[in-house]
Every structure is written in structure tokens, then in C-alpha cells.
Amino acid sequence: MAEMKVSPDGAPPRLPKHAGDSVPFCQLLVAAAVLVATRASVFQDQAKSVGPRRERSKLHPGGPGRLSATPLRSLPTVSGPLGLRSQQGPQDKGPHLKASPGNLSVEAEVDLLSYCAREWKGETPRAKLMRKAYEELFWRHHIKCVRQVKRDNYDALRSVLFQIFSQGLSFPSWMKEKDIVKLPEKLLFSQGCNWIQQYSFGPEKYTGSNVFGKLRKCVELLKMQWTEFSGIKDHHRRGSMCNILFSDVILEHKLYEALKFIMLYQVTEVYEQMKTNKIIPSLFRLLFSRETSSDPLSFMMNHLNSVGDTCGLEQIDMFILGYSLEVKIKVFRLFKFNSRDFAVCYPEEPLREWPEISLLTENDRHYHIPVF
């Protein structure tokens with residue numbers, strides 16, 4: 001029998017072949033046994049070179065080989081420009097502010113007529129009236145788009161403040177002469193308005209004893225934000241910053257409460273002027289002629305405290321807002337189409353050349369922002 005040799009690389013042993021010879025069956029069995037032993041020896045040598053097998057870690061108890069669903073660690077919260085909050089990862093060089101699309105209280109622009117077609121599809125008299133009103137805005141007033149504003153009891157204040165910030169308007173003249181952060185202190189101590197302790201912060205229903213301190217923080221935030229936006233010259237950057245600011249509910253509500261207080265301060269100032277027989281704007285005479293707002297306290301208790309909670313701004317409140325911020329608020333009241341009240345301004349006759357901002361409403365309760 002010819003001798004069989006095992007290849008050093010573990011290859012099968014080669015059987016000698018001679019022309020015309022046949023291989024006996026027993027020789028085949030021996031060759032197979034040698035092959036198996038050789039393969040086993042090679043595998044053992046490879047295992048020793050790799051090392052001991054590592055144990056699997058964090059396997060899911062539901063079955064072998066499944067990774068556990070361990071939640072990712074929350075990213076730390078950091079402060080960015082304007083005091084706005086963002087999340088920062090370990091590789092970040094600095095704060096990256098991003099607006100959450102789902103939280104935006106002022107939505108992106110949409111085509112005006114497309115919005116109308118989507119909202120008013122029926123053939124009822126009101127739907128027909130609304131379609132005609134929107135067509136009037138498009139063709140006669142050159143309004144091409146609309147920005148929908150979150151429907152709540154702050155939406156009038158939101159619509160006005162968004163445009164002031166997005167347009168980079170400057171402070172009213174009277175705010176440049178006074179530090180508005182000190183106004184709560186002035187009302188409380190200088191003018192003896194102890195009733196300011198009954199001020200209500202909209203849906204928050206704050207009833208603590210530190211109303212003065214809370215108001216001061218709101219007004220301070222308004223001053224800081226307004227200063228920041230009015231100093232930004234690039235309108236694209238202002239728009240981006242608006243998207244960030246108007247997706248933070250907590251900051252928004254503080255700003256709107258500051259606006260409410262600014263209105264209350266102006267009502268109080270004009271009321272003191274009226275008591276000394278000074279000439280006051282006619283809109284305030286109308287305000288004080290009502291039983292429910294005959295003085296600043298009744299105005300606050302019966303009207304202002306409910307804004308943001310159970311109701312929004314009334315028309316008389318829109319006059320006061322425009323007067324306090326020194327802007328002419330032009331409102332297209334679509335449900336008044338084909339009447340003299342279709343487009344109105346608050347105040348009707350601004351004292352100076354105040355900047356104009358525009359709103360549109362379908363019912364005098366909720367407002368949206370037209371884009372020309």
C-alpha cells in the first residue's frame with residue numbers, strides 16, 4: 001500500500017494514483033479518518049490564537065441575541081441667545097437653537113386663496129361671503145399669503161407682538177424715556193396702586209403675594225427681547241429667531257402678560273391725567289364711560305384679568321394696545337365684507353406716523369397674520 005501524507009495546511013491527504021490501479025475501500029476509510037483529525041487540530045490552533053470567547057452583554061431577556069432597548073441619555077439643557085432653551089450634545093461647539101415645528105404658535109406662510117378654499121368649501125351664505133372676502137384681500141389689497149396663529153385667548157396679543165419683532169420695530173417713544181422694568185414699582189409705591197396685587201396672569205391664575213416681582217420679571221423679559229429683535233438688521237435672522245421664541249409657551253405667556261401690564265399702566269396714566277382735567281384721547285373717554293371699566297381697577301378686574309384665560313381682547317382693548325405700543329393695528333374683519341367696518345384701524349387716528357401692522361379675523365375673536 002502506498003504511504004499517505006498529510007499536508008501541513010490541513011488540506012485533504014492525497015491518495016497516490018498509478019495508472020490503471022484501483023484504490024481499495026479500506027484505504028479510503030483511513031484517509032477519511034486522517035482528514036477529520038487534521039481539521040479538528042487546525043480549528044483548535046485558530047481558537048487559541050484568537051483567545052477566550054467574550055460574553056455577550058446586555059442581551060434582551062426576551063430571547064437570545066437581542067439587544068436591550070436601553071433609552072438614550074437625555075441631553076443637557078443649555079441657554080442660548082435671548083434666554084431660549086436648546087439641547088446640546090457632547091460634540092457641540094455651542095448652543096444650537098431649533099424651533100419645534102409642532103410647537104410653533106405662528107405657522108409658516110400659506111397661499112391665501114388655497115387656505116380659503118380649504119377652510120370654506122360649502123355653499124352656505126357664510127362660506128360664500130368668506131370666499132368673496134378672501135378674494136377681495138387677494139386682488140384689491142394684494143395680500144398673497146396668510147400665517148395662521150394659534151387659537152387661544154392670547155392670539156390677538158401674539159399676532160401683534162410677532163409682527164413687531166419680525167419687522168424689528170423700535171420701542172415706542174415713551175418707552176425710550178422711561179425704564180419699563182420699573183413701572184410695576186412705580187404703580188405700587190409712587191402712585192399707591194395697592195390693588196395691583198389682584199392682577200391675574202391669564203390661565204396661570206397666580207394668587208401669590210409676590211405679584212409685583214412676577215410682573216417685573218415679565219416686563220424685564222419683554223424689554224430684553226424687544227431690544228434684541230430691534231437690533232437685528234437681517235430680516236431672515238429675525239424670522240428665524242421669531243420661530244424659536246414663538247415655540248416656547250412659557251416665554252410667550254410672560255411676554256403677553258407684560259403687554260397686558262403695559263396696557264394697564266397706560267390706562268392708569270391717562271386716568272390720572274383725566275382727574276386733573278387734562279385732554280385725553282377719545283378712546284379712553286369711551287373706556288371710562290363704561291360701568292365695567294370706570295377706573296383702572298375695574299378695567300383690570302372686569303376685563304384685563306380674563307385676557308389669556310377665558311377671553312381675548314375686545315375692540316376697545318385693541319385701541320388701548322395700539323395706543324400703548326404706538327402702532328396702528330389695521331384689522332380686516334372678513335365677516336364684515338361689503339360694509340364700512342370691513343377694514344378698521346386701532347386707533348383710528350394715530351397721534352403720529354406710527355408703523356402699521358395688519359391682522360385678519362373671521363369673527364373678532366381669533367386673528368391671523370396677512371402677508372403682502
# chains A, B, ... in the order shown; residues from 1 in each chain; ligands from 1
call {"tool": "residues_around", "arguments": {"residues": "Arg238 in chain A", "least_positions_apart": "5", "cutoff": "10 Å", "atoms": "only C-alpha atoms", "output": "PyMOL selection string"}}
result
chain A and resi 165-168+228-233+243-244
call {"tool": "write_last_selection", "arguments": {"atoms": "N, CA and C atoms", "output": "tab-separated table (two decimals), in the first residue's frame"}}
result
chain	number	residue	atom	x	y	z
A	165	PHE	N	-41.82	92.15	16.43
A	165	PHE	CA	-40.50	91.54	16.49
A	165	PHE	C	-39.98	91.17	15.10
A	166	SER	N	-40.83	90.58	14.27
A	166	SER	CA	-40.38	90.13	12.95
A	166	SER	C	-40.01	91.30	12.05
A	167	GLN	N	-40.65	92.48	12.27
A	167	GLN	CA	-40.31	93.66	11.49
A	167	GLN	C	-39.20	94.49	12.13
A	168	GLY	N	-38.80	94.11	13.33
A	168	GLY	CA	-37.72	94.83	14.00
A	168	GLY	C	-38.09	96.24	14.39
A	228	GLU	N	-33.42	93.09	21.69
A	228	GLU	CA	-32.68	92.15	20.85
A	228	GLU	C	-33.20	92.16	19.41
A	229	PHE	N	-34.51	92.06	19.24
A	229	PHE	CA	-35.08	91.99	17.89
A	229	PHE	C	-34.91	93.30	17.13
A	230	SER	N	-35.08	94.43	17.82
A	230	SER	CA	-34.94	95.71	17.12
A	230	SER	C	-33.50	95.97	16.68
A	231	GLY	N	-32.54	95.27	17.28
A	231	GLY	CA	-31.15	95.45	16.89
A	231	GLY	C	-30.69	94.52	15.78
A	232	ILE	N	-31.55	93.59	15.34
A	232	ILE	CA	-31.20	92.65	14.27
A	232	ILE	C	-31.63	93.26	12.93
A	233	LYS	N	-30.69	93.51	12.07
A	233	LYS	CA	-30.99	94.17	10.79
A	233	LYS	C	-31.42	93.18	9.72
A	243	ASN	N	-39.30	82.27	15.08
A	243	ASN	CA	-39.75	80.89	15.11
A	243	ASN	C	-39.32	80.19	16.39
A	244	ILE	N	-38.15	80.54	16.88
A	244	ILE	CA	-37.67	79.94	18.13
A	244	ILE	C	-38.49	80.47	19.30
call {"tool": "closest_residue", "arguments": {"among": "A:Gln163, A:Ser282, A:Gln197, A:Thr124", "to": "Glu356 in chain A", "atoms": "only C-alpha atoms"}}
result
A:Gln163
call {"tool": "select_by_dssp", "arguments": {"residues": "range 73-227 of chain A", "states": "alpha helix (DSSP H)", "output": "PyMOL selection string"}}
result
chain A and resi 112-119+125-139+155-166+173-177+183-185+211-227
call {"tool": "residues_around", "arguments": {"residues": "Asn194 in chain A", "least_positions_apart": "5", "cutoff": "12 Å", "atoms": "only C-alpha atoms", "output": "PDB file with C-alpha atoms, in the first residue's frame"}}
result
ATOM      1  CA  PRO A 184     -44.646  97.927  38.393  1.00  0.00           C
ATOM      2  CA  GLU A 185     -42.684  99.527  41.229  1.00  0.00           C
ATOM      3  CA  LYS A 186     -43.923 102.965  40.225  1.00  0.00           C
ATOM      4  CA  LEU A 187     -47.569 101.915  40.264  1.00  0.00           C
ATOM      5  CA  LEU A 188     -47.266 100.080  43.546  1.00  0.00           C
ATOM      6  CA  PHE A 189     -45.256 102.591  45.559  1.00  0.00           C
ATOM      7  CA  TYR A 199     -53.540  91.197  38.980  1.00  0.00           C
ATOM      8  CA  SER A 209     -48.230  87.594  47.327  1.00  0.00           C
ATOM      9  CA  VAL A 211     -47.366  89.777  42.071  1.00  0.00           C
ATOM     10  CA  PHE A 212     -45.076  92.805  41.893  1.00  0.00           C
ATOM     11  CA  PRO A 296     -58.119 101.297  36.226  1.00  0.00           C
ATOM     12  CA  LEU A 297     -59.084  98.848  38.980  1.00  0.00           C
TER      13      LEU A 297
END
call {"tool": "closest_residue", "arguments": {"among": "A:Leu161, A:Ala133, A:Met263, A:Leu221", "to": "Ser324 in chain A", "atoms": "only C-alpha atoms"}}
result
A:Met263
call {"tool": "atom_distance", "arguments": {"atom1": "CA of Ile320 in chain A", "atom2": "CA of Gln191 in chain A"}}
result
20.7 Å
call {"tool": "residues_around", "arguments": {"residues": "Ile316 in chain A", "least_positions_apart": "2", "cutoff": "9 Å", "atoms": "only C-alpha atoms", "output": "ChimeraX atom specification"}}
result
/A:283-284,286-287,313-314,318-321,346
call {"tool": "write_last_selection", "arguments": {"atoms": "N, CA and C atoms", "output": "compact mmCIF listing (two decimals), in the first residue's frame"}}
result
# COMPACT_ATOMS: atom_id res chain seq x y z
N LEU A 283 -60.66 107.65 22.87
CA LEU A 283 -60.89 106.23 23.12
C LEU A 283 -60.87 105.94 24.62
N PHE A 284 -60.09 106.70 25.40
CA PHE A 284 -60.08 106.48 26.84
C PHE A 284 -61.33 107.04 27.49
N LEU A 286 -64.20 106.86 26.13
CA LEU A 286 -65.15 105.78 25.90
C LEU A 286 -64.92 104.65 26.90
N LEU A 287 -63.66 104.34 27.17
CA LEU A 287 -63.34 103.28 28.12
C LEU A 287 -63.88 103.59 29.50
N LEU A 313 -58.90 89.84 23.54
CA LEU A 313 -59.06 91.29 23.55
C LEU A 313 -60.36 91.69 22.88
N GLU A 314 -61.04 92.66 23.46
CA GLU A 314 -62.20 93.28 22.82
C GLU A 314 -61.71 94.42 21.92
N MET A 318 -58.16 96.61 21.81
CA MET A 318 -57.27 96.75 20.66
C MET A 318 -56.84 98.21 20.49
N PHE A 319 -57.76 99.14 20.76
CA PHE A 319 -57.41 100.56 20.72
C PHE A 319 -56.30 100.85 21.73
N ILE A 320 -56.50 100.36 22.95
CA ILE A 320 -55.53 100.62 24.02
C ILE A 320 -54.18 99.98 23.69
N LEU A 321 -54.20 98.78 23.12
CA LEU A 321 -52.96 98.10 22.76
C LEU A 321 -52.19 98.91 21.71
N TYR A 346 -56.89 100.50 14.70
CA TYR A 346 -56.84 100.76 16.13
C TYR A 346 -55.47 101.38 16.46
call {"tool": "select_by_dssp", "arguments": {"residues": "range 135-361 of chain A", "states": "strand (DSSP E or B)", "output": "PDB file with C-alpha atoms, in the first residue's frame"}}
result
ATOM      1  CA  CYS A 145     -50.359  84.648   1.884  1.00  0.00           C
ATOM      2  CA  VAL A 146     -51.514  84.161   5.444  1.00  0.00           C
ATOM      3  CA  ARG A 147     -49.830  82.922   8.608  1.00  0.00           C
ATOM      4  CA  GLN A 148     -52.172  81.015  10.873  1.00  0.00           C
ATOM      5  CA  VAL A 149     -51.935  81.924  14.538  1.00  0.00           C
ATOM      6  CA  VAL A 307     -57.423  88.011  28.809  1.00  0.00           C
ATOM      7  CA  CYS A 311     -61.452  85.628  26.725  1.00  0.00           C
ATOM      8  CA  LYS A 328     -51.528 101.381  14.009  1.00  0.00           C
ATOM      9  CA  ILE A 329     -53.234  97.995  14.020  1.00  0.00           C
ATOM     10  CA  LYS A 330     -55.196  97.502  10.809  1.00  0.00           C
ATOM     11  CA  VAL A 331     -57.684  94.644  11.012  1.00  0.00           C
ATOM     12  CA  PHE A 332     -59.514  93.113   8.063  1.00  0.00           C
ATOM     13  CA  ARG A 333     -62.802  91.836   9.501  1.00  0.00           C
ATOM     14  CA  ALA A 343     -61.159  97.302   7.392  1.00  0.00           C
ATOM     15  CA  VAL A 344     -60.693  99.192  10.665  1.00  0.00           C
ATOM     16  CA  CYS A 345     -57.686 100.698  12.439  1.00  0.00           C
ATOM     17  CA  TYR A 346     -56.838 100.763  16.133  1.00  0.00           C
ATOM     18  CA  GLU A 356     -48.706  99.861  10.679  1.00  0.00           C
ATOM     19  CA  ILE A 357     -49.239  96.155  11.215  1.00  0.00           C
ATOM     20  CA  SER A 358     -52.133  94.133   9.827  1.00  0.00           C
ATOM     21  CA  LEU A 359     -54.349  91.346  11.103  1.00  0.00           C
ATOM     22  CA  LEU A 360     -57.294  89.475   9.671  1.00  0.00           C
ATOM     23  CA  THR A 361     -60.185  87.922  11.549  1.00  0.00           C
TER      24      THR A 361
END
